[in-house]
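Presented below is the structure to which this report refers.
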Amino acid sequence: PSGTWPAGSPVEQGYRIARQDCFRCHNRGIEGGQMAGRDWLQLAAMAHSDAPRFRRIIRNPASVKPGAKMPGQPGYDDVTLDALTAYFRTFSATAAERRPNR
């Protein structure tokens, strides 16, 4: 899902990365891929509530969840992960409404 962010901002950069790399497997409703077990709002909730875990999952999913099928992105640097985290946090208000009880 796109938005109106300043060109070159971390959120806009995160949107571009997510559109290219995340959206093919993760979805938001009927938009996006269906392969992943977590939808866009679940990713947003994690980026908002536990950014270090969110980053670890992106770099090396199996380190957080053994047997994870998601391909890791070990080449993503901190700037890239910051951008993805910033982008997904833009959905945190709606994500909080759908966050499962733990």
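Every chain in the structure tokens takes a letter, A first, then B, and so on in the order presented; its residues are numbered from 1, and the ligands are numbered from 1 following the presented order.
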
Quiz item: Hey, what's within 10 Å of Ala51 in chain A if we count only C-alpha atoms and toss same-chain stuff fewer than 6 positions away? As a count of residues only, please?
Solution: 8

Quiz item: Smallest atom-to-atom distance to Met46 in chain A: which of A:Phe88, A:Thr4, A:Arg16, A:Gln73, using only C-alpha atoms?
Solution: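 The closest residue to Met46 in chain A is A:Phe88.
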
Self-check item: Gap from CA of Glu12 in chain A to CA of Leu84 in chain A - Å, one decimal
Solution: 9.1 Å

I need the strand (DSSP E or B) residues of chain A per DSSP on the backbone, written as a CSV table (one decimal) with all heavy atoms, in the first residue's frame.
```
chain,number,residue,atom,x,y,z
A,27,ASN,N,0.4,-10.0,2.3
A,27,ASN,CA,-0.8,-9.3,1.7
A,27,ASN,C,-1.4,-8.3,2.7
A,27,ASN,O,-1.2,-8.3,3.9
A,27,ASN,CB,-1.8,-10.3,1.2
A,27,ASN,CG,-2.4,-11.0,2.4
A,27,ASN,OD1,-3.2,-10.5,3.2
A,27,ASN,ND2,-2.1,-12.3,2.5
A,28,ARG,N,-2.2,-7.5,2.1
A,28,ARG,CA,-3.1,-6.6,2.9
A,28,ARG,C,-4.5,-6.8,2.2
A,28,ARG,O,-4.8,-6.2,1.2
A,28,ARG,CB,-2.7,-5.2,2.8
A,28,ARG,CG,-3.6,-4.3,3.6
A,28,ARG,CD,-3.0,-3.0,4.1
A,28,ARG,NE,-3.9,-2.4,5.0
A,28,ARG,CZ,-4.0,-1.1,5.1
A,28,ARG,NH1,-3.3,-0.3,4.4
A,28,ARG,NH2,-4.9,-0.5,5.9
A,31,GLU,N,-5.0,-7.6,-1.7
A,31,GLU,CA,-3.8,-7.2,-2.5
A,31,GLU,C,-2.6,-7.9,-1.9
A,31,GLU,O,-2.4,-8.0,-0.7
A,31,GLU,CB,-3.7,-5.7,-2.3
A,31,GLU,CG,-4.8,-4.9,-2.9
A,31,GLU,CD,-4.6,-3.4,-2.6
A,31,GLU,OE1,-3.6,-3.0,-2.1
A,31,GLU,OE2,-5.6,-2.7,-2.9
A,32,GLY,N,-1.7,-8.3,-2.8
A,32,GLY,CA,-0.4,-8.9,-2.4
A,32,GLY,C,-0.5,-10.4,-2.5
A,32,GLY,O,-1.5,-11.0,-2.9
```

Quiz item: Among chain A, which ones does DSSP place in alpha helix (DSSP H), written as an MDAnalysis selection string?
Solution: chainID A and resid 10:21 40:49 51:59 61:64 78:89 92:98

Practice problem: Compare A:Pro71, A:Ala7, A:Phe91, A:Ile58 by their minimum atom-to-atom distance to Met35 in chain A, counting only C-alpha atoms, and give me the closest one. | Solution: A:Pro71

Quiz prompt | Contacts of Thr80 in chain A within 9 Å, only C-alpha atoms, excl. fewer than 2 positions in-chain, as a ChimeraX atom specification | solution = /A:10,13-14,17,76-78,82-85

Exercise. May I ask which of the residues A:Gly3, A:Ser49, A:Gly75, A:Gln42 is the closest one to Tyr15 in chain A, counting only C-alpha atoms?
Key: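 Answer, going by the shortest atom-to-atom distance: A:Gly3.
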
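If you look at CA of Gly8 in chain A and CA of Thr90 in chain A, they are 15.8 Å away from each other.
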
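Using only C-alpha atoms, the smallest distance between any of A:Phe54, A:Ser9, A:Trp40, A:Ala68 and Arg24 in chain A comes from A:Trp40.
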